[in-house]
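Structure, as structure tokens:
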Amino acid sequence: MGGDHAPGEIVAGALRAREELGVDVLLVGDPQQIEAALPPKTNLGQVEIVPAEEAIAMDEEPLNAVRRKRKASINVAMDLVKQQKADAVFSAGHSGAAMASALLRLGRLPGIDRPAIGTVFPTIIAGKPVLVLDVGANVDCRPKFLEQFAVMGSAYSQYVLGTTEPKVGLLNIGEEDSKGNDAAVRAHQLLRENSQINFIGNAEGRDVLSGRFDVIVCDGFVGNVLLKFAEAVGEVILQILREELPQGLHGQIGSALLKPNLKRIKQRMDHAEHGGALLLGVAGVCFIGHGSSQAPSIFNAIRMAKEAVDNQVIQRIQSQYILERESG
């Protein structure tokens, strides 16, 4: 029920995922609104709607709203995962409410102090994305939080994104080990000493999209600014391409010839291709989408959630921490 285009675009993306990915999708929310958003002649016997009495609005304080509205759609969805009636949850609504509900309903993984929101950015190397976390869950981070983000991000990069020995970087203002504030210096030392990850050093802002790193960790304040700036840059570049293509007959011919290339450019730069961000560190697969998400974003988010479930990312992260505690 959350998002700028809910429930219509949410339903459309979910139905496409059911058709193309072979997954069962539970649509949680107001049954009347959901049924009204279904395409004509939809077989209701093939669509499972889970009723929810309430929804959390974007202007509500997340933690209080989650506690007060026990039958809100995000809480009902999280309970389905907790009760093992669903494998993952996706929401394009209030991201703070989604995170609060995940923490209260699912709980943190053992050994994880703070969950992190991880999102995938394109790089200059085709087919080589970079995972950046945290992009908004934790405004302030202790060094050990960043270390935990690195371990979780490495597992996700390896088992979902298919990266062999993910290269981890710490977002900083310089490449030297001594650069940054005290927290950055101490985080650098922890990352360097952690044998579970392949830490290759500090990453400056210009390195984020270089393809040199597979995972980059930072606090949620910096990460959220980086995320929104990168999205804006992508939109600006696509708009410039549209405006600068030649006009008239020659332009039409040129545009037709360039159409496949432009489509690939859009796919590499458009955040809709990645669908959303995974909330790492909670005891369940939880994807948080953009408020502006439309059907393609919903489809891709469900695809990524399916990959996270199929590759047992939560179990792998948990087993790594169990092994670490036993060896310690």
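Just remember, in the structure tokens the first chain shown is A, the second B, etc., residues are 1-based per chain, and ligands are 1-based in the order shown.
Secondary structure from DSSP on the backbone puts strand (DSSP E) at the following positions of region 10-91 of chain A: A:Leu26, A:Leu27, A:Val28, A:Gly29, A:Glu48, A:Ile49, A:Val50, A:Pro51, A:Ala88, A:Val89, A:Phe90, A:Ser91.
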Can you spit out the residues from that selection as a short mmCIF file (atom, residue, chain, number, x, y, z; two decimals), in the first residue's frame, using all heavy atoms?
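Done, and the output landed in again.cif:
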data_model
loop_
_atom_site.label_atom_id
_atom_site.label_comp_id
_atom_site.auth_asym_id
_atom_site.auth_seq_id
_atom_site.Cartn_x
_atom_site.Cartn_y
_atom_site.Cartn_z
N LEU A 26 2.30 -12.58 -2.49
CA LEU A 26 1.21 -12.24 -1.59
C LEU A 26 1.06 -10.72 -1.59
O LEU A 26 1.99 -10.00 -1.26
CB LEU A 26 1.50 -12.74 -0.17
CG LEU A 26 1.93 -14.20 -0.02
CD1 LEU A 26 2.22 -14.53 1.44
CD2 LEU A 26 0.86 -15.13 -0.57
N LEU A 27 -0.11 -10.25 -1.98
CA LEU A 27 -0.38 -8.81 -2.04
C LEU A 27 -1.03 -8.40 -0.72
O LEU A 27 -2.17 -8.79 -0.44
CB LEU A 27 -1.29 -8.49 -3.22
CG LEU A 27 -0.74 -8.90 -4.59
CD1 LEU A 27 -1.79 -8.70 -5.67
CD2 LEU A 27 0.51 -8.11 -4.93
N VAL A 28 -0.31 -7.60 0.07
CA VAL A 28 -0.77 -7.26 1.41
C VAL A 28 -1.34 -5.84 1.42
O VAL A 28 -0.67 -4.89 1.00
CB VAL A 28 0.39 -7.35 2.43
CG1 VAL A 28 -0.10 -7.03 3.84
CG2 VAL A 28 1.03 -8.73 2.38
N GLY A 29 -2.58 -5.70 1.90
CA GLY A 29 -3.17 -4.37 1.97
C GLY A 29 -4.68 -4.40 1.94
O GLY A 29 -5.31 -5.39 2.31
N GLU A 48 -3.23 -14.19 -4.44
CA GLU A 48 -3.49 -14.25 -3.00
C GLU A 48 -3.37 -12.86 -2.39
O GLU A 48 -2.30 -12.24 -2.44
CB GLU A 48 -2.53 -15.20 -2.30
CG GLU A 48 -2.87 -15.38 -0.82
CD GLU A 48 -2.15 -16.55 -0.17
OE1 GLU A 48 -1.44 -17.29 -0.87
OE2 GLU A 48 -2.30 -16.71 1.07
N ILE A 49 -4.47 -12.37 -1.86
CA ILE A 49 -4.51 -11.07 -1.21
C ILE A 49 -4.60 -11.28 0.30
O ILE A 49 -5.47 -12.00 0.78
CB ILE A 49 -5.71 -10.24 -1.70
CG1 ILE A 49 -5.59 -9.98 -3.21
CG2 ILE A 49 -5.80 -8.92 -0.94
CD1 ILE A 49 -6.80 -9.28 -3.81
N VAL A 50 -3.67 -10.68 1.02
CA VAL A 50 -3.65 -10.77 2.48
C VAL A 50 -4.16 -9.45 3.04
O VAL A 50 -3.51 -8.41 2.87
CB VAL A 50 -2.24 -11.07 3.01
CG1 VAL A 50 -2.25 -11.19 4.54
CG2 VAL A 50 -1.69 -12.34 2.38
N PRO A 51 -5.32 -9.45 3.69
CA PRO A 51 -5.91 -8.19 4.16
C PRO A 51 -5.07 -7.51 5.25
O PRO A 51 -4.50 -8.18 6.10
CB PRO A 51 -7.27 -8.62 4.72
CG PRO A 51 -7.53 -9.97 4.15
CD PRO A 51 -6.18 -10.60 3.97
N ALA A 88 10.30 -13.51 1.72
CA ALA A 88 10.87 -12.16 1.64
C ALA A 88 9.74 -11.15 1.63
O ALA A 88 8.58 -11.48 1.36
CB ALA A 88 11.73 -12.02 0.38
N VAL A 89 10.09 -9.91 1.93
CA VAL A 89 9.11 -8.83 1.90
C VAL A 89 9.69 -7.66 1.12
O VAL A 89 10.89 -7.38 1.19
CB VAL A 89 8.71 -8.39 3.33
CG1 VAL A 89 9.91 -7.85 4.10
CG2 VAL A 89 7.60 -7.34 3.30
N PHE A 90 8.81 -6.99 0.35
CA PHE A 90 9.20 -5.78 -0.37
C PHE A 90 8.22 -4.68 -0.05
O PHE A 90 7.01 -4.90 0.01
CB PHE A 90 9.22 -6.01 -1.89
CG PHE A 90 9.33 -4.72 -2.66
CD1 PHE A 90 10.58 -4.13 -2.85
CD2 PHE A 90 8.21 -4.07 -3.16
CE1 PHE A 90 10.69 -2.92 -3.54
CE2 PHE A 90 8.31 -2.87 -3.85
CZ PHE A 90 9.56 -2.30 -4.03
N SER A 91 8.74 -3.46 0.16
CA SER A 91 7.89 -2.30 0.38
C SER A 91 8.46 -1.10 -0.35
O SER A 91 9.67 -0.85 -0.30
CB SER A 91 7.79 -1.99 1.88
OG SER A 91 7.14 -0.74 2.08
#
Residue neighbourhood Gln148 (chain A), 12 Å, only C-alpha atoms, exclusion window fewer than 2 positions, as a PDB file with C-alpha atoms, in the first residue's frame:
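Output contents, as saved in around33.pdb:
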ATOM      1  CA  LEU A 109      20.904 -11.452  13.181  1.00  0.00           C
ATOM      2  CA  PRO A 110      23.109 -12.698  16.040  1.00  0.00           C
ATOM      3  CA  GLY A 111      26.311 -10.663  16.188  1.00  0.00           C
ATOM      4  CA  ILE A 112      24.928  -7.732  14.194  1.00  0.00           C
ATOM      5  CA  ASP A 113      24.593  -4.473  16.123  1.00  0.00           C
ATOM      6  CA  ARG A 114      22.915  -2.390  13.408  1.00  0.00           C
ATOM      7  CA  PRO A 115      21.273  -3.352  10.118  1.00  0.00           C
ATOM      8  CA  ALA A 116      22.362  -1.518   6.985  1.00  0.00           C
ATOM      9  CA  LEU A 133      26.152   0.337   2.418  1.00  0.00           C
ATOM     10  CA  ASP A 134      24.853   1.950   4.526  1.00  0.00           C
ATOM     11  CA  CYS A 141      28.240   4.648  12.810  1.00  0.00           C
ATOM     12  CA  ARG A 142      30.822   3.211  15.145  1.00  0.00           C
ATOM     13  CA  PRO A 143      33.849   1.571  13.508  1.00  0.00           C
ATOM     14  CA  LYS A 144      32.617  -1.920  14.426  1.00  0.00           C
ATOM     15  CA  PHE A 145      29.326  -1.214  12.608  1.00  0.00           C
ATOM     16  CA  LEU A 146      31.265  -0.483   9.424  1.00  0.00           C
ATOM     17  CA  ALA A 150      31.677  -5.040   5.171  1.00  0.00           C
ATOM     18  CA  VAL A 151      31.150  -8.684   6.133  1.00  0.00           C
ATOM     19  CA  MET A 152      27.451  -8.603   5.234  1.00  0.00           C
ATOM     20  CA  GLY A 153      28.106  -6.723   2.002  1.00  0.00           C
ATOM     21  CA  SER A 154      30.793  -9.204   0.972  1.00  0.00           C
ATOM     22  CA  ALA A 155      28.394 -12.111   1.451  1.00  0.00           C
ATOM     23  CA  VAL A 168      35.972  -4.040  -0.049  1.00  0.00           C
ATOM     24  CA  ALA A 187      37.408   1.498  11.052  1.00  0.00           C
ATOM     25  CA  LEU A 190      39.381  -3.130  11.926  1.00  0.00           C
ATOM     26  CA  LEU A 191      38.737  -3.797   8.259  1.00  0.00           C
ATOM     27  CA  ASN A 194      39.404  -8.843   9.476  1.00  0.00           C
ATOM     28  CA  GLN A 196      36.709 -12.649   6.505  1.00  0.00           C
ATOM     29  CA  ILE A 197      36.871  -9.877   3.928  1.00  0.00           C
ATOM     30  CA  VAL A 217      31.090   0.887   3.346  1.00  0.00           C
ATOM     31  CA  CYS A 218      30.188   4.243   4.870  1.00  0.00           C
ATOM     32  CA  ASP A 219      27.812   5.720   7.427  1.00  0.00           C
ATOM     33  CA  LEU A 280      21.068  -6.427   5.631  1.00  0.00           C
ATOM     34  CA  GLY A 281      21.385  -7.518   9.248  1.00  0.00           C
ATOM     35  CA  ILE A 317      25.883 -14.148   6.914  1.00  0.00           C
ATOM     36  CA  GLN A 318      24.697 -15.793  10.109  1.00  0.00           C
ATOM     37  CA  GLN A 320      30.002 -16.456   9.153  1.00  0.00           C
ATOM     38  CA  TYR A 321      29.353 -14.731  12.457  1.00  0.00           C
ATOM     39  CA  GLU A 324      33.827 -16.015  13.849  1.00  0.00           C
TER      40      GLU A 324
END
I'd like the neighbourhood of Leu44 (chain A) as number ranges by chain, where a residue qualifies if any of its atoms comes within 12 Å (using only C-alpha atoms), though same-chain residues fewer than 3 positions away should be ignored. A: 15, 27, 31, 34-36, 38-41, 47-49
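Every protein or nucleic acid residue with an atom no more than 9 Å from Leu104 (chain A), counting only C-alpha atoms and leaving out same-chain residues fewer than 4 positions away, appears here: Val66, Arg67, Met99, Ala100 and Arg108 of chain A.
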Next, the residues of the selection above should be written as a PDB file, in the first residue's frame with C-alpha atoms.
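Result written to out_39.pdb:
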ATOM      1  CA  VAL A  66       4.739   0.707  13.597  1.00  0.00           C
ATOM      2  CA  ARG A  67       4.002   0.129  17.283  1.00  0.00           C
ATOM      3  CA  MET A  99      13.165  -0.830   8.832  1.00  0.00           C
ATOM      4  CA  ALA A 100      11.438  -0.380  12.206  1.00  0.00           C
ATOM      5  CA  ARG A 108      18.624  -8.628  14.203  1.00  0.00           C
TER       6      ARG A 108
END
Would you return as a CSV table (one decimal) with C-alpha atoms, in the first residue's frame the members of region 54-275 of chain A that DSSP assigns to alpha helix (DSSP H) on this structure's backbone?
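Just written: states.csv:
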chain,number,residue,atom,x,y,z
A,62,PRO,CA,8.1,5.4,11.8
A,63,LEU,CA,8.7,3.7,15.2
A,64,ASN,CA,5.6,5.1,16.9
A,65,ALA,CA,3.5,4.3,13.8
A,66,VAL,CA,4.7,0.7,13.6
A,67,ARG,CA,4.0,0.1,17.3
A,68,ARG,CA,0.6,1.9,17.2
A,73,SER,CA,0.3,-3.6,5.9
A,74,ILE,CA,4.1,-3.5,6.6
A,75,ASN,CA,3.6,-5.3,9.9
A,76,VAL,CA,1.3,-7.9,8.4
A,77,ALA,CA,3.9,-8.5,5.6
A,78,MET,CA,6.8,-8.8,8.1
A,79,ASP,CA,4.7,-11.3,10.2
A,80,LEU,CA,4.3,-13.5,7.1
A,81,VAL,CA,8.1,-13.7,6.9
A,82,LYS,CA,8.5,-14.3,10.6
A,95,SER,CA,11.5,3.2,4.4
A,96,GLY,CA,11.8,4.1,8.1
A,97,ALA,CA,8.7,2.2,8.9
A,98,ALA,CA,9.9,-0.8,6.9
A,99,MET,CA,13.2,-0.8,8.8
A,100,ALA,CA,11.4,-0.4,12.2
A,101,SER,CA,9.0,-3.2,11.4
A,102,ALA,CA,11.8,-5.5,10.3
A,103,LEU,CA,13.7,-4.9,13.5
A,104,LEU,CA,10.7,-5.3,15.8
A,105,ARG,CA,9.1,-8.3,13.9
A,143,PRO,CA,33.8,1.6,13.5
A,144,LYS,CA,32.6,-1.9,14.4
A,145,PHE,CA,29.3,-1.2,12.6
A,146,LEU,CA,31.3,-0.5,9.4
A,147,GLU,CA,33.2,-3.7,9.9
A,148,GLN,CA,29.9,-5.6,10.2
A,149,PHE,CA,28.6,-3.9,7.1
A,150,ALA,CA,31.7,-5.0,5.2
A,151,VAL,CA,31.2,-8.7,6.1
A,152,MET,CA,27.5,-8.6,5.2
A,153,GLY,CA,28.1,-6.7,2.0
A,154,SER,CA,30.8,-9.2,1.0
A,155,ALA,CA,28.4,-12.1,1.5
A,156,TYR,CA,25.7,-10.4,-0.6
A,157,SER,CA,28.2,-9.4,-3.4
A,158,GLN,CA,29.5,-12.9,-3.6
A,159,TYR,CA,26.4,-15.0,-3.4
A,182,ASP,CA,39.2,9.2,14.2
A,183,ALA,CA,36.3,6.9,13.4
A,184,ALA,CA,37.5,6.4,9.9
A,185,VAL,CA,41.1,5.6,11.0
A,186,ARG,CA,39.8,3.1,13.6
A,187,ALA,CA,37.4,1.5,11.1
A,188,HIS,CA,40.3,1.2,8.6
A,189,GLN,CA,42.3,-0.8,11.1
A,190,LEU,CA,39.4,-3.1,11.9
A,191,LEU,CA,38.7,-3.8,8.3
A,192,ARG,CA,42.4,-4.4,7.6
A,193,GLU,CA,42.6,-7.0,10.4
A,220,GLY,CA,24.2,6.2,6.5
A,221,PHE,CA,24.4,10.0,6.3
A,222,VAL,CA,27.1,10.0,3.7
A,223,GLY,CA,25.7,7.0,1.9
A,224,ASN,CA,22.2,8.6,1.5
A,225,VAL,CA,23.7,11.8,0.1
A,226,LEU,CA,25.8,9.7,-2.3
A,227,LEU,CA,22.8,7.6,-3.4
A,228,LYS,CA,20.6,10.6,-4.1
A,229,PHE,CA,23.4,12.5,-5.9
A,230,ALA,CA,24.1,9.5,-8.1
A,231,GLU,CA,20.5,9.1,-9.0
A,232,ALA,CA,20.3,12.8,-10.0
A,233,VAL,CA,23.4,12.6,-12.1
A,234,GLY,CA,22.0,9.6,-13.9
A,235,GLU,CA,18.8,11.4,-14.7
A,236,VAL,CA,20.7,14.5,-15.8
A,237,ILE,CA,22.9,12.5,-18.2
A,238,LEU,CA,19.9,10.7,-19.7
A,239,GLN,CA,18.1,14.0,-20.2
A,240,ILE,CA,21.2,15.6,-21.8
A,241,LEU,CA,21.4,12.7,-24.3
A,242,ARG,CA,17.8,13.2,-25.2
A,243,GLU,CA,18.2,16.9,-25.7
A,244,GLU,CA,21.5,16.8,-27.6
A,248,GLY,CA,15.0,16.7,-37.9
A,249,LEU,CA,15.2,13.9,-40.5
A,250,HIS,CA,18.9,13.2,-39.9
A,251,GLY,CA,18.3,13.2,-36.2
A,252,GLN,CA,15.4,10.7,-36.5
A,253,ILE,CA,17.7,8.4,-38.6
A,254,GLY,CA,20.5,8.8,-36.1
A,255,SER,CA,18.3,8.2,-33.1
A,256,ALA,CA,16.9,5.0,-34.8
A,257,LEU,CA,20.5,3.7,-35.3
A,258,LEU,CA,21.4,4.6,-31.7
A,259,LYS,CA,18.3,3.2,-30.1
A,260,PRO,CA,19.8,-0.1,-29.0
A,261,ASN,CA,22.8,1.8,-27.5
A,262,LEU,CA,20.6,4.3,-25.7
A,263,LYS,CA,18.5,1.5,-24.3
A,264,ARG,CA,21.7,-0.2,-22.9
A,265,ILE,CA,22.8,3.1,-21.4
A,266,LYS,CA,19.5,3.6,-19.7
A,267,GLN,CA,19.6,0.0,-18.3
A,268,ARG,CA,23.1,0.6,-16.9
A,269,MET,CA,22.2,3.9,-15.3
